[in-house]
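Engineer: Here's a structure for you.
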Amino acid sequence: TAGGGIFNATNGNVQITDTLIGDDGTGTYTANSAGLFGGGLANQGITNLTNSQVLANTANTGGGLYNTGVLTVDNTQVAYNTADSGGGLVNYKTAQVINHSKVSSNTAQLGGGIFNTGGVLTLTGSILSDNQAQTTGGGIQNSDDGKLIIDNTILSGNRISVSDSVNAKGGGISNVGNNSSVTITNSQLLNNSARGSGGAFYNEVGTAPSITGSCLLGNSLQGITNTSNIPINAINNWWGTATGPSGAAPGKGDMISASVNYAPVQTTAILGCA
């Protein structure tokens with residue numbers, strides 16, 4: 001029921017290097033599946049996953065990876081996994097670090113790429129691209145006191161598949177839960193989409209999210225949507241134009257909702273964004 005490919009129990013300490021967990025499409029290997037958690041890997045102890053691939057695994061929760069211990073993912077690809085929640089991976093009430101890795105083309109009902117619930121998830125120098133959720137959190141769903149820290153990372157082409165404009169929320173990231181928090185720095189949020197709210201970022205409740213020193217371009221329908229009465233700190237960002245964001249702001253860049261503090265803006269492109 002847990003850890004279709006690998007299961008690391010509470011007291012385990014595992015180093016995984018240069019390993020394929022799943023199916024690389026050549027027909028040589030078979031994808032893994034789990035009825036409950038972690039189609040590729042379920043971790044309750046300490047696991048370091050390096051220079052590896054987690055591909056095309058399935059589970060109810062955490063199609064590729066499921067973590068309730070301490071998991072570090074470095075220079076690893078997590079792709080083509082599927083689940084009801086957390087297509088690529090789930091981090092549940094614990095700590096996970098993702099460095100210089102790619103989470104792409106995963107699918108789920110909630111949290112197409114990543115579902116972080118009640119834990120601390122840190123992403124650095126990574127790429128989250130082309131993940132899909134049916135309703136919320138195409139790239140990442142952060143909920144239930146989860147803490148999400150993102151630096152020098154690209155979130156691009158993540159999307160919500162449902163066409164319902166009411167329920168489609170957070171193509172890039174969806175942040176929900178009273179004490180959930182998100183901090184994004186030096187990152188690129190590009191061409192993410194949700195037909196309802198928050199193509200790049202949707203915030204419902206929680207502590208004040210922060211998106212700074214980053215670029216937001218081509219996200220739809222709104223780049224940032226905030227339904228909380230706590231403003232989002234979105235200063236010193238590049239919006240694809242020196243005029244800044246549009247919508248609740250007077251510029252010509254991606255739209256924002258009310259309760260988003262956007263000024264000052266970057267007036268020239270940063271981070272290689274056009």
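Starting from 1 in every chain, residues are counted up; chains themselves are A, B, ... following the order of the structure tokens, and ligands are numbered from 1 as listed.
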Excluding Thr268 of chain A and its own-chain neighbours fewer than 4 positions away, which residues fall within 8 Å of it when counting only C-alpha atoms? Please give them as a list of chain:residue names.
Structural biologist: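 Residues meeting the cut-off are A:Trp238, A:Thr241, A:Ala242.
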Engineer: Step one, run DSSP on the backbone; step two, keep only residues of segment 66-238 of chain A assigned to strand (DSSP E); then write them as a PyMOL selection string.
Structural biologist: chain A and resi 66-67+70-74+77-79+89-92+95-99+102-104+107-110+114-117+120-124+127-129+132-136+140-143+147-151+154-156+159-160+173-175+181-185+188-190+201-203+210-212+215-217+224-226+232-233
Engineer: Dump C-alpha atoms for the selected residues as a CSV table (one decimal), in the first residue's frame?
Structural biologist:
chain,number,residue,atom,x,y,z
A,66,TYR,CA,5.7,10.6,-0.7
A,67,ASN,CA,7.6,12.0,2.3
A,70,VAL,CA,13.5,14.0,5.8
A,71,LEU,CA,13.9,13.8,2.1
A,72,THR,CA,16.5,15.7,0.0
A,73,VAL,CA,16.2,15.5,-3.8
A,74,ASP,CA,19.2,16.8,-5.8
A,77,GLN,CA,14.0,14.4,-12.6
A,78,VAL,CA,10.4,13.7,-11.3
A,79,ALA,CA,8.1,13.4,-14.3
A,89,LEU,CA,5.4,14.3,-4.9
A,90,VAL,CA,3.7,14.9,-1.5
A,91,ASN,CA,5.5,16.4,1.5
A,92,TYR,CA,3.4,15.7,4.6
A,95,ALA,CA,10.9,18.7,5.8
A,96,GLN,CA,11.9,18.3,2.2
A,97,VAL,CA,14.5,20.0,0.1
A,98,ILE,CA,14.6,20.0,-3.7
A,99,ASN,CA,17.8,21.3,-5.3
A,102,LYS,CA,13.1,19.2,-12.5
A,103,VAL,CA,9.5,18.4,-11.6
A,104,SER,CA,7.5,18.2,-14.9
A,107,THR,CA,-0.8,15.2,-13.1
A,108,ALA,CA,-3.2,15.0,-10.2
A,109,GLN,CA,-6.6,16.3,-9.0
A,110,LEU,CA,-4.8,18.6,-6.5
A,114,ILE,CA,3.8,19.0,-5.7
A,115,PHE,CA,1.4,18.8,-2.7
A,116,ASN,CA,2.9,20.3,0.5
A,117,THR,CA,0.6,19.9,3.4
A,120,VAL,CA,8.4,22.8,5.1
A,121,LEU,CA,9.3,22.5,1.5
A,122,THR,CA,12.4,24.3,0.0
A,123,LEU,CA,13.0,24.5,-3.7
A,124,THR,CA,16.3,26.0,-5.0
A,127,ILE,CA,12.3,23.8,-12.6
A,128,LEU,CA,8.6,23.0,-12.2
A,129,SER,CA,7.0,22.9,-15.7
A,132,GLN,CA,-1.4,19.8,-14.4
A,133,ALA,CA,-4.1,19.6,-11.7
A,134,GLN,CA,-7.8,19.3,-12.3
A,135,THR,CA,-8.8,22.1,-9.8
A,136,THR,CA,-6.1,23.7,-7.7
A,140,ILE,CA,2.2,23.3,-6.3
A,141,GLN,CA,-0.6,23.1,-3.8
A,142,ASN,CA,0.5,24.4,-0.4
A,143,SER,CA,-1.9,23.9,2.5
A,147,LYS,CA,5.6,26.5,4.5
A,148,LEU,CA,6.9,26.9,1.0
A,149,ILE,CA,10.3,28.6,0.2
A,150,ILE,CA,11.3,29.0,-3.4
A,151,ASP,CA,14.5,30.6,-4.7
A,154,ILE,CA,11.4,28.5,-12.8
A,155,LEU,CA,7.6,27.7,-12.7
A,156,SER,CA,6.4,27.6,-16.3
A,159,ARG,CA,-2.0,24.7,-15.5
A,160,ILE,CA,-5.5,23.8,-14.2
A,173,ILE,CA,0.8,27.8,-7.1
A,174,SER,CA,-2.3,27.6,-4.8
A,175,ASN,CA,-1.8,28.6,-1.2
A,181,SER,CA,3.0,30.7,3.9
A,182,VAL,CA,4.9,31.2,0.7
A,183,THR,CA,8.1,33.0,0.1
A,184,ILE,CA,9.4,33.4,-3.5
A,185,THR,CA,12.6,35.1,-4.5
A,188,GLN,CA,10.4,33.1,-12.9
A,189,LEU,CA,6.7,32.5,-13.0
A,190,LEU,CA,5.9,32.2,-16.7
A,201,PHE,CA,-0.4,32.4,-7.9
A,202,TYR,CA,-3.6,32.1,-5.9
A,203,ASN,CA,-3.9,32.9,-2.3
A,210,SER,CA,5.9,37.3,-0.6
A,211,ILE,CA,7.0,37.3,-4.2
A,212,THR,CA,10.0,39.6,-4.7
A,215,CYS,CA,9.4,38.0,-13.0
A,216,LEU,CA,5.8,37.3,-13.9
A,217,LEU,CA,4.9,37.1,-17.6
A,224,ILE,CA,-1.8,36.9,-8.9
A,225,THR,CA,-5.2,36.5,-7.2
A,226,ASN,CA,-5.6,37.3,-3.5
A,232,ILE,CA,0.5,39.9,-0.8
A,233,ASN,CA,4.0,41.4,-0.9
Engineer: For Ala56 of chain A, which residue out of A:Tyr262, A:Phe7, A:Tyr80, A:Trp239 is the nearest one, using only C-alpha atoms?
Structural biologist: A:Tyr80
Engineer: At a cut-off of 6 Å, using only C-alpha atoms, what residues contact Asn158 of chain A? Leave out same-chain residues fewer than 2 positions from it and give the result as a PyMOL selection string.
Structural biologist: chain A and resi 129-132+138-139+156+171-172+192
Engineer: For the residues in that selection, give me C-alpha atoms as an mmCIF file, in the first residue's frame.
Structural biologist:
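And here's again_3.cif as it stands now:
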data_model
loop_
_atom_site.group_PDB
_atom_site.id
_atom_site.type_symbol
_atom_site.label_atom_id
_atom_site.label_comp_id
_atom_site.auth_asym_id
_atom_site.auth_seq_id
_atom_site.Cartn_x
_atom_site.Cartn_y
_atom_site.Cartn_z
ATOM 1 C CA SER A 129 7.048 22.876 -15.671
ATOM 2 C CA ASP A 130 3.992 21.565 -17.503
ATOM 3 C CA ASN A 131 2.379 19.981 -14.474
ATOM 4 C CA GLN A 132 -1.411 19.771 -14.412
ATOM 5 C CA GLY A 138 -1.212 23.030 -11.128
ATOM 6 C CA GLY A 139 2.418 23.342 -10.132
ATOM 7 C CA SER A 156 6.372 27.585 -16.281
ATOM 8 C CA GLY A 171 -2.148 27.372 -12.226
ATOM 9 C CA GLY A 172 1.345 27.848 -10.821
ATOM 10 C CA ASN A 192 1.019 29.382 -16.040
#
Engineer: Could you list, as a ChimeraX atom specification, every residue within 7 Å of Gly177 of chain A, counting only C-alpha atoms and ignoring same-chain residues fewer than 3 positions away?
Structural biologist: /A:143-145,180,205-206
Engineer: Excluding His100 of chain A and any residue of its chain fewer than 3 positions from it, enumerate the residues within 6 Å of it, using only C-alpha atoms, and give them as a list in words.
Structural biologist: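 So the residues in contact are Asp74, Asn75, Gly125 and Ser126 of chain A.
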Engineer: For segment 48-107 of chain A against segment 28-34 of chain A, with a cut-off of 10 Å and counting only C-alpha atoms, what is the closest atom pair and its distance in Å to one decimal for every residue that makes the cut, ordered by chain and number, as JSON lines?
Structural biologist:
{"residue": "A:Val54", "atom": "CA", "partner": "A:Ala31", "partner_atom": "CA", "distance": 9.3}
{"residue": "A:Leu55", "atom": "CA", "partner": "A:Ala31", "partner_atom": "CA", "distance": 7.2}
{"residue": "A:Ala56", "atom": "CA", "partner": "A:Ala31", "partner_atom": "CA", "distance": 5.8}
{"residue": "A:Asn57", "atom": "CA", "partner": "A:Asn32", "partner_atom": "CA", "distance": 5.0}
{"residue": "A:Thr58", "atom": "CA", "partner": "A:Ser33", "partner_atom": "CA", "distance": 4.7}
{"residue": "A:Ala59", "atom": "CA", "partner": "A:Ala34", "partner_atom": "CA", "distance": 4.8}
{"residue": "A:Asn60", "atom": "CA", "partner": "A:Ala34", "partner_atom": "CA", "distance": 7.2}
{"residue": "A:Thr61", "atom": "CA", "partner": "A:Ala34", "partner_atom": "CA", "distance": 8.7}
{"residue": "A:Gly62", "atom": "CA", "partner": "A:Ala34", "partner_atom": "CA", "distance": 9.3}
{"residue": "A:Gly63", "atom": "CA", "partner": "A:Ser33", "partner_atom": "CA", "distance": 7.7}
{"residue": "A:Gly64", "atom": "CA", "partner": "A:Asn32", "partner_atom": "CA", "distance": 8.8}
{"residue": "A:Asn81", "atom": "CA", "partner": "A:Ala31", "partner_atom": "CA", "distance": 9.3}
{"residue": "A:Thr82", "atom": "CA", "partner": "A:Ser33", "partner_atom": "CA", "distance": 9.6}
{"residue": "A:Ala83", "atom": "CA", "partner": "A:Ser33", "partner_atom": "CA", "distance": 9.8}
Engineer: Hey, what's within 9 Å of segment 10-18 of chain A if we count only C-alpha atoms and toss same-chain stuff fewer than 5 positions away? As a PyMOL selection string, please?
Structural biologist: chain A and resi 43-53+68-69+76
Engineer: Contacts of Gly5 of chain A at 7 Å or less, counting only C-alpha atoms, minus same-chain residues fewer than 5 places along, as number ranges by chain?
Structural biologist: A: 21, 32, 39-41
